[in-house]
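Structure record follows, encoded as structure tokens.
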Amino acid sequence: MTCSERTRKVVSKVAGIAVLLAGILLAAKLSAGASAGPSQIPSIFKPDSTPADSIFNLSLLVLGVTGFIFAVVFSLLAYCVAKYRRRSGDEDREPPQVYGSNRVELAWTVIPILIVLVLFLATARVIHSIQDAPKPPGTIEVVAIGHQFWWEFRYPALGVVTANELHVPVSDPSHPSPTFITLLSADTDHSFWVPRLAGKTDLIPNRVNHTWIDPHETGLYLGQCAQYCGTQHAKMLLRVYVDSHEQFDRWVQEERKPAVVNGAAEDGRRIFETTACMNCHAVLGTVANGRFGPDLTHLMNRATIASGAAPNNPEELRMWIQNPDLIKPGSLMPAMKLSGPDLSALTTYLETLR
Amino acid sequence: MSSAVFSRSLVKPQWVLPSRGRVGMISLIAAESAIFTIFVVAYIFYIGKSLADPMPKDVLEAPIFNTICLLSSSLTIHLAVRALRNAKVGAFGLWWFLTMMLGAVFLAGTGREWQRLIVENGLTISTNLFGTTYYSLVGLHAFHVTVGLIALATVTIFTALGKVKPEHSERVEVFSLYWHFVDVVWVIVFTVVYVIGR
Amino acid sequence: MSSERLALSVVDHGPRSIGERLNDWVVTVDHKKLGILYILYALLFLIIGGIEATIMRIQLVVPHNHFVSPEVFNRMFTMHGTTMIFFVAMPILFGFGTYLVPLMIGARDMAFPRLNALSFWLTAFGGLLLYYSFIGGSGLYGAGNAPDVGWFAYAPLTSRAFSPGHSTDFWTLGLLVSGIGSIGTAVNFIATILCMRCPGMTLGKMPLLAWLNLVMAGMVILAVSPLTAAQIMLSIDRYLGGHFFDTQAGGSAALWMHFFWIFGHPEVYVLIIPAFAFASEIIPVFSRKPIFGYPVMVAATACIGFVSFSVWAHHMFTIGMSSYANSFFTITTMAVGVPTGIKIFNWIGTMWGGKIQFRAPMLFSIGFLFQFLIAGLTGIMLAACPFDWQLGNSYFVVAHFHYVIVGGILFTIFGAFYYWLPKMSGRMYSETLAKWHFWLFFIGFHLTFDFMHIPGILGMPRRIYTYEPGRGWDIWNLIVTIGVFFQIAGVLVFVANLLWSFLRGEASGNDPWDAWTLEWSTSAPPPEYNFATIPVVRSRRPLWDIKHPEDPDWKYE
């Protein structure tokens with residue numbers, strides 16, 4: 001056994017920890033640094049809502065404790081590897097054969113038990129504070145229904161039905177107006193995860209779950225489905241728009257209105273209502289009241305289509321209707337196989353749905 | 001190169017370890033108990049949750065006679081094993097055969113009960129949650145009875161051919177552990193299905 | 001079994017044809033041959049599972065990649081997980097156990113040699129059944145293909161409605177069959193260890209590998225059975241119209257999760273405990289000291305075995321259980337870390353004051369210690385339920401469990417190969433190639449799995465065939481994929497080393513490591529009957545007693 005072996009062992013340990021530290025530092029830099037305004041990076045270390053904040057604070061304790069344990073044990077290991085290597089010329093005698101030590105065993109049993117107790121108590125407190133939080137008077141109630149592969153959002157008290165893009169009011173800590181979301185599923189398991197606003201909660205058929213958020217800043221927060229639900233699980237994206245109270249009220253008023261009637265889009269509307277479209281989709285104020293697919297009454301108010309898989313512009317809309325497999329292969333939207341003029345008329349009609 | 005041999009006197013005079021057959025059978029019984037536990041948990045979880053008729057209290061009648069037969073068979077198999085250990089092969093054969101018959105009666109009774117449930121009450125495995133959990137649990141048990149019956153029959157045939165001797169008493173005792181297990185499971189299934197669940 | 005000397009004369013059967021030699025292997029009930037069969041089978045599936053992983057990582061190297069379709073990707077992650085757990089990790093650990101346990105306890109074979117063979121062939125058949133799904137039959141939508149429901153096959157995604165065709169059934173039946181094989185193996189281990197130890201080897205004197213395989217076998221008995229039950233229920237749903245997990249009929253999707261994880265969590269301890277066993281045999285020999293705290297190691301393992309049955313719902317923290325249930329599973333999960341940590345301390349205590357030799361088995365064991373420490377700590381993070389609400393089902397979890405399975409279990413498996421290969425084949429491996437293997441794999445492992453934690457922290461869920469650019473995930477996915485190629489290089493060097501040792505390795509002798517347990521007293525490879533005379537032992541290290549008659553262990557134990 002040579003000196004270079006020992007050096008390489010220690011170097012490997014140091015290299016390993018250097019790589020880890022580098023990673024952690026980079027991650028920290030990503031997550032810290034910028035102000036707490038919304039950015040497109042959905043980092044759990046940039047919380048902007050009370051549940052996410054509580055989790056972040058707990059995580060600091062957990063990371064601190066585990067980091068300390070790592071430092072202690074790694075140092076012991078590295079020391080061991082460096083100091084107790086077999087040196088050349090010393091191969092004849094075996095070292096002292098030590099079988100154990102009850103005192104040492106007791107110490108390294110009792111201390112971890114105490115650490116576990118502290119961590120558990122801190123954790124239990126956060127569990128209760130998030131799961132058993134009361135609903136203040138300004139609460140907005142939303143029902144989220146998971147589908148393969150899109151999100152249905154209903155605001156029962158406000159009479160709003162929409163899809164994929166959730167609008168909520170910003171919540172001021174002195175006058176909280178959180179949004180409490182009831183989670184249901186129409187088919188398989190899904191999970192609602194917007195990291196900067198809250199931990200994830202699953203949507204499970206035949207089961208009612210709940211979650212809540214109270215965003216502190218306006219802006220757009222990104223998330224996506226976090227429980228494998230089938231072929232297009234990857235593109236079941238979430239956009240949460242946190243509006244000021246005025247913006248939110250305006251949005252609600254717009255959403256409650258029935259569909260805009262636009263004479264220039266009569267052809268398109270006729271196609272919509274006579275082909276299979278209305279079997280799946282609803283447009284408030286018309287005969288279309290299908291519930292299998294997203295509500296399209298105010299489709300043009302959304303920034304994306306296909307649950308975030310494509311931007312909401314005329315070209316993408318055409319492609320989605322004509323051949324959804326180009327955008328989201330395996331989604332349950334069928335290719336409508338319309339002729340060119342029919343497709344144009346239909347798209348024109350859809351573009352009037354603001 | 002086996003100089004690991006020390007003089008015998010340094011070791012305890014008698015090196016006796018448990019019998020392989022018994023340990024193996026007990027391990028198998030533990031595994032089967034775990035499987036049954038899951039089916040029992042599912043049954044209990046779904047009590048009262050069926051969305052369609054019929055419900056247990058409408059159709060279930062406690063199979064008392066069947067149960068007596070099966071539980072008696074535990075006694076008869078115990079007597080058979082004891083007989084063989086005491087080198088009474090004839091008595092062994094009789095008690096063993098009786099055990100098999102009692103098991104067969106139990107199975108036939110279960111079959112009759114199922115026939116009534118399916119034909120008269122319209123309860124199948126796909127009718128509702130009760131049907132699914134009932135047929136699965138009772139069926140799993142009946143499957144284990146069937147496997148036991150096949151083993152009982154095999155030994156019966158060997159006995160009739162005169163091949164079973166007193167030195168086989170440990171093997172039949174190991175099998176009797178399995179049979180006792182099947183009976184204990186029935187006690188639990190009976191309680192859960194016909195007493196608690198109704 | 002007495003200790004009279006057997007008169008053995010050499011009998012020459014003449015040269016055997018290749019057909020006869022193959023037939024030997026097919027009909028064998030010899031635990032050593034079956035052990036090697038298990039190991040070779042697992043190595044083959046390691047390559048296949050690795051290819052599946054590589055395909056996934058290439059697809060994820062950049063966002064919106066088109067290397068494979070979403071359908072293929074979803075089959076890849078399902079098959080990769082199922083293969084690695086059931087047809088790589090379990091067989092290879094069973095294989096080493098089957099080979100080593102009788103030798104280490106001074107027995108001539110397992111308690112039930114024919115059951116041993118049956119169990120192997122059932123496991124093997126289960127794997128072939130699973131893989132037949134790639135070509136087997138076509139169902140609706142061409143869905144008669146490999147399963148794509150994830151390795152834990154959540155309901156109701158697995159119901160007929162959402163998984164038409166037979167792909168899910170290949171998953172169910174393949175695992176059902178191999179699960180029966182696993183239970184058979186476990187029964188065999190328990191009977192062998194309890195009933196066939198050589199004279200003088202009380203339970204307190206048997207090698208830790210035997211103890212840990214005993215605990216593992218007990219866990220398999222109690223853990224695999226719930227999976228078997230759940231799979232029977234799923235098949236009843238899919239084929240007989242049952243409603244166990246049919247949410248439309250009032251069934252519960254969460255019930256499947258409970259049943260699966262009651263299996264799934266103890267299962268991962270079933271995998272790690274034999275890995276602990278390897279470390280517990282290798283580290284003492286290469287530190288030249290006995291294991292530190294043998295009784296505590298046994299007690300800690302038994303503790304882990306018990307407590308691990310109470311933690312399963314930490315895989316279900318996000319399904320909306322009550323705060324009391326969540327708190328319960330938090331504390332049990334954290335509690336199981338205590339005996340696990342004790343074992344790490346004991347291994348370090350073994351090295352402490354020793355004279356460490358950095359041969360390949362020890363390199364891999366030290367890597368294991370380092371990586372298992374980190375894996376355990378990320379596990380504690382995930383045990384904190386609210387933290388899991390963020391980290392669960394994300395790439396952080398994927399990084400955590402690969403850290404345990406690859407960084408922990410696979411590293412000790414490599415160590416076990418290098419340690420016992422000389423005994424199994426009679427030939428030494430190349431130490432140079434082994435060191436190349438170690439360093440390439442170590443670098444690749446850390447590139448991939450260290451950096452994989454970060455996308456999870458940044459919000460990337462698992463089981464997605466592609467991801468959106470601009471979320472900060474791109475660079476990390478690239479680094480993770482690069483690491484894969486280092487790991488592939490390491491494994492290729494390993495395979496080359498195995499071949500080299502068979503073709504060119506020098507004779508190893510019976511006891512190349514100057515070790516202390518009974519397997520090193522036989523020839524290399526051991527004769528079919530293992531021991532001409534059944535040994536009688538007085539301590540935990542019988543060969544130490546022979547080599548150091550002035551200072552035997554039994555004076556101190």
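Chain labels A, B, ... are given in the sequence in which chains occur in the structure tokens; within each chain residues are numbered consecutively from 1, and ligands are likewise numbered from 1 in the order shown.
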I want to know what sits within 10 Å of segment 49-56 of chain B, based on only C-alpha atoms, with residues of the same chain fewer than 6 positions away left out; could you give that as a ChimeraX atom specification?
/B:117,121-124,127-132,134,193-194,197-198 /C:243,248-251
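For segment 116-128 of chain A, the residues within 9 Å (counting only C-alpha atoms, excluding itself and residues fewer than 5 positions away along the chain) are Pro51, Ser54, Ile55, Leu58, Leu61, Val62, Val65, Ile111 and Ala133 of chain A; Ser323, Tyr324, Asn326, Ser327, Thr330, Ile331, Met334, Ala335, Gly337, Val338, Ala384, Cys385, Pro386 and Phe387 of chain C.
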Could you list, as a PyMOL selection string, every residue within 12 Å of Thr286 of chain A, counting only C-alpha atoms and ignoring same-chain residues fewer than 6 positions away?
chain A and resi 257-261+269-270+272-273+278+295-297+353
Atom-to-atom span, atom CA of Arg108 of chain C and atom CA of Pro166 of chain B, Å
27.7 Å
Contacts from chain C to chain B, 6 Å maximum, only C-alpha atoms: show me the residue list as a PyMOL selection string.
chain C and resi 187+191+195+199-200+221-222+225-226+229+241-243+535-536
Quick one: everything within 10 Å of Pro526 of chain C, counting only C-alpha atoms, minus sequence neighbours fewer than 6 positions away in the same chain. Send it as a PDB file with N, CA and C atoms, in the first residue's frame.
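The resulting around.pdb:
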```
ATOM      1  N   LYS C  32     -23.995 -23.450  -4.633  1.00  0.00           N
ATOM      2  CA  LYS C  32     -22.960 -22.595  -5.213  1.00  0.00           C
ATOM      3  C   LYS C  32     -23.273 -22.309  -6.684  1.00  0.00           C
ATOM      4  N   LEU C 103     -21.629 -21.942   3.247  1.00  0.00           N
ATOM      5  CA  LEU C 103     -20.181 -22.011   3.474  1.00  0.00           C
ATOM      6  C   LEU C 103     -19.798 -21.341   4.784  1.00  0.00           C
ATOM      7  N   LYS C 423     -12.702 -16.644  -4.419  1.00  0.00           N
ATOM      8  CA  LYS C 423     -13.173 -17.889  -3.811  1.00  0.00           C
ATOM      9  C   LYS C 423     -14.034 -18.670  -4.796  1.00  0.00           C
ATOM     10  N   MET C 424     -14.891 -17.945  -5.559  1.00  0.00           N
ATOM     11  CA  MET C 424     -15.829 -18.629  -6.438  1.00  0.00           C
ATOM     12  C   MET C 424     -15.136 -19.205  -7.655  1.00  0.00           C
ATOM     13  N   SER C 425     -14.060 -18.544  -8.105  1.00  0.00           N
ATOM     14  CA  SER C 425     -13.463 -18.969  -9.368  1.00  0.00           C
ATOM     15  C   SER C 425     -12.050 -19.500  -9.189  1.00  0.00           C
ATOM     16  N   GLY C 426     -11.428 -19.207  -8.059  1.00  0.00           N
ATOM     17  CA  GLY C 426     -10.053 -19.644  -7.869  1.00  0.00           C
ATOM     18  C   GLY C 426      -9.045 -18.729  -8.520  1.00  0.00           C
ATOM     19  N   ASN C 510      -6.577 -20.438  -1.440  1.00  0.00           N
ATOM     20  CA  ASN C 510      -7.825 -20.553  -0.677  1.00  0.00           C
ATOM     21  C   ASN C 510      -8.184 -19.260   0.028  1.00  0.00           C
ATOM     22  N   GLU C 519     -15.692 -19.775   5.059  1.00  0.00           N
ATOM     23  CA  GLU C 519     -15.608 -20.042   3.620  1.00  0.00           C
ATOM     24  C   GLU C 519     -14.169 -20.018   3.133  1.00  0.00           C
ATOM     25  N   TRP C 520     -13.294 -19.312   3.865  1.00  0.00           N
ATOM     26  CA  TRP C 520     -11.903 -19.215   3.417  1.00  0.00           C
ATOM     27  C   TRP C 520     -11.103 -20.461   3.758  1.00  0.00           C
TER      28      TRP C 520
END
```
From a DSSP calculation on the backbone, collect every residue of segment 5-220 of chain A in strand (DSSP E) and output the set as a PyMOL selection string.
chain A and resi 140-147+150-155+160-163+165-169+179-185+190-192+201-203+209-213+219-220
Give the helix (DSSP H, G or I) residues of segment 98-235 of chain A, as DSSP finds them on the backbone, and put them as a ChimeraX atom specification.
/A:102-131,233-235
Just to be explicit: take each residue in the selection above, keep N, CA and C atoms, and write the result as a compact mmCIF listing (two decimals), in the first residue's frame.
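Final output, result-v1.txt:
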```txt
# COMPACT_ATOMS: atom_id res chain seq x y z
N ASN A 102 -19.26 -0.45 25.17
CA ASN A 102 -20.66 -0.15 25.49
C ASN A 102 -20.89 1.34 25.69
N ARG A 103 -19.89 2.00 26.25
CA ARG A 103 -20.09 3.41 26.52
C ARG A 103 -20.25 4.20 25.23
N VAL A 104 -19.38 3.88 24.27
CA VAL A 104 -19.44 4.58 22.99
C VAL A 104 -20.76 4.28 22.30
N GLU A 105 -21.18 3.02 22.36
CA GLU A 105 -22.45 2.66 21.71
C GLU A 105 -23.60 3.44 22.32
N LEU A 106 -23.56 3.60 23.65
CA LEU A 106 -24.64 4.34 24.30
C LEU A 106 -24.66 5.78 23.82
N ALA A 107 -23.46 6.36 23.75
CA ALA A 107 -23.40 7.77 23.34
C ALA A 107 -23.98 7.95 21.95
N TRP A 108 -23.53 7.09 21.01
CA TRP A 108 -24.03 7.33 19.67
C TRP A 108 -25.38 6.69 19.40
N THR A 109 -26.05 6.27 20.45
CA THR A 109 -27.48 5.93 20.36
C THR A 109 -28.32 7.07 20.93
N VAL A 110 -27.89 7.56 22.10
CA VAL A 110 -28.69 8.57 22.77
C VAL A 110 -28.72 9.88 21.99
N ILE A 111 -27.56 10.29 21.48
CA ILE A 111 -27.52 11.57 20.78
C ILE A 111 -28.40 11.58 19.55
N PRO A 112 -28.34 10.57 18.68
CA PRO A 112 -29.27 10.57 17.54
C PRO A 112 -30.73 10.56 17.97
N ILE A 113 -31.07 9.86 19.05
CA ILE A 113 -32.46 9.85 19.49
C ILE A 113 -32.90 11.26 19.85
N LEU A 114 -32.04 11.98 20.53
CA LEU A 114 -32.39 13.36 20.89
C LEU A 114 -32.56 14.23 19.65
N ILE A 115 -31.65 14.03 18.68
CA ILE A 115 -31.76 14.81 17.44
C ILE A 115 -33.10 14.52 16.76
N VAL A 116 -33.45 13.23 16.71
CA VAL A 116 -34.72 12.85 16.07
C VAL A 116 -35.89 13.52 16.78
N LEU A 117 -35.85 13.56 18.12
CA LEU A 117 -36.95 14.18 18.85
C LEU A 117 -37.11 15.65 18.50
N VAL A 118 -35.98 16.35 18.47
CA VAL A 118 -36.04 17.78 18.15
C VAL A 118 -36.61 17.99 16.75
N LEU A 119 -36.08 17.23 15.79
CA LEU A 119 -36.56 17.38 14.41
C LEU A 119 -38.04 17.06 14.32
N PHE A 120 -38.45 15.99 15.03
CA PHE A 120 -39.85 15.60 14.94
C PHE A 120 -40.76 16.69 15.49
N LEU A 121 -40.39 17.25 16.63
CA LEU A 121 -41.28 18.26 17.23
C LEU A 121 -41.40 19.47 16.31
N ALA A 122 -40.28 19.90 15.76
CA ALA A 122 -40.34 21.04 14.84
C ALA A 122 -41.22 20.70 13.64
N THR A 123 -41.07 19.47 13.14
CA THR A 123 -41.83 19.07 11.96
C THR A 123 -43.31 18.97 12.26
N ALA A 124 -43.66 18.38 13.40
CA ALA A 124 -45.08 18.21 13.73
C ALA A 124 -45.77 19.55 13.81
N ARG A 125 -45.05 20.54 14.32
CA ARG A 125 -45.65 21.86 14.43
C ARG A 125 -46.02 22.41 13.04
N VAL A 126 -45.10 22.23 12.10
CA VAL A 126 -45.36 22.76 10.75
C VAL A 126 -46.49 21.98 10.09
N ILE A 127 -46.51 20.66 10.30
CA ILE A 127 -47.59 19.85 9.72
C ILE A 127 -48.93 20.42 10.15
N HIS A 128 -49.07 20.62 11.43
CA HIS A 128 -50.36 21.12 11.93
C HIS A 128 -50.66 22.51 11.43
N SER A 129 -49.64 23.37 11.40
CA SER A 129 -49.93 24.75 11.02
C SER A 129 -50.39 24.84 9.58
N ILE A 130 -49.90 23.94 8.74
CA ILE A 130 -50.33 24.00 7.35
C ILE A 130 -51.64 23.26 7.15
N GLN A 131 -51.72 22.03 7.68
CA GLN A 131 -52.90 21.22 7.37
C GLN A 131 -54.14 21.68 8.10
N HIS A 233 -48.42 13.16 -18.90
CA HIS A 233 -48.20 13.71 -17.55
C HIS A 233 -47.22 14.88 -17.62
N ALA A 234 -46.22 14.77 -18.50
CA ALA A 234 -45.15 15.77 -18.53
C ALA A 234 -45.67 17.14 -18.96
N LYS A 235 -46.77 17.17 -19.73
CA LYS A 235 -47.20 18.47 -20.25
C LYS A 235 -48.52 18.91 -19.61
```
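The environment of Ala124 of chain C within 9 Å, counting only C-alpha atoms and disregarding residues fewer than 4 places along the same chain, consists of Tyr38, Tyr41, Phe87, Pro91, Ser119, Phe120, Leu128, Leu129, Ser178 and Gly181 of chain C.
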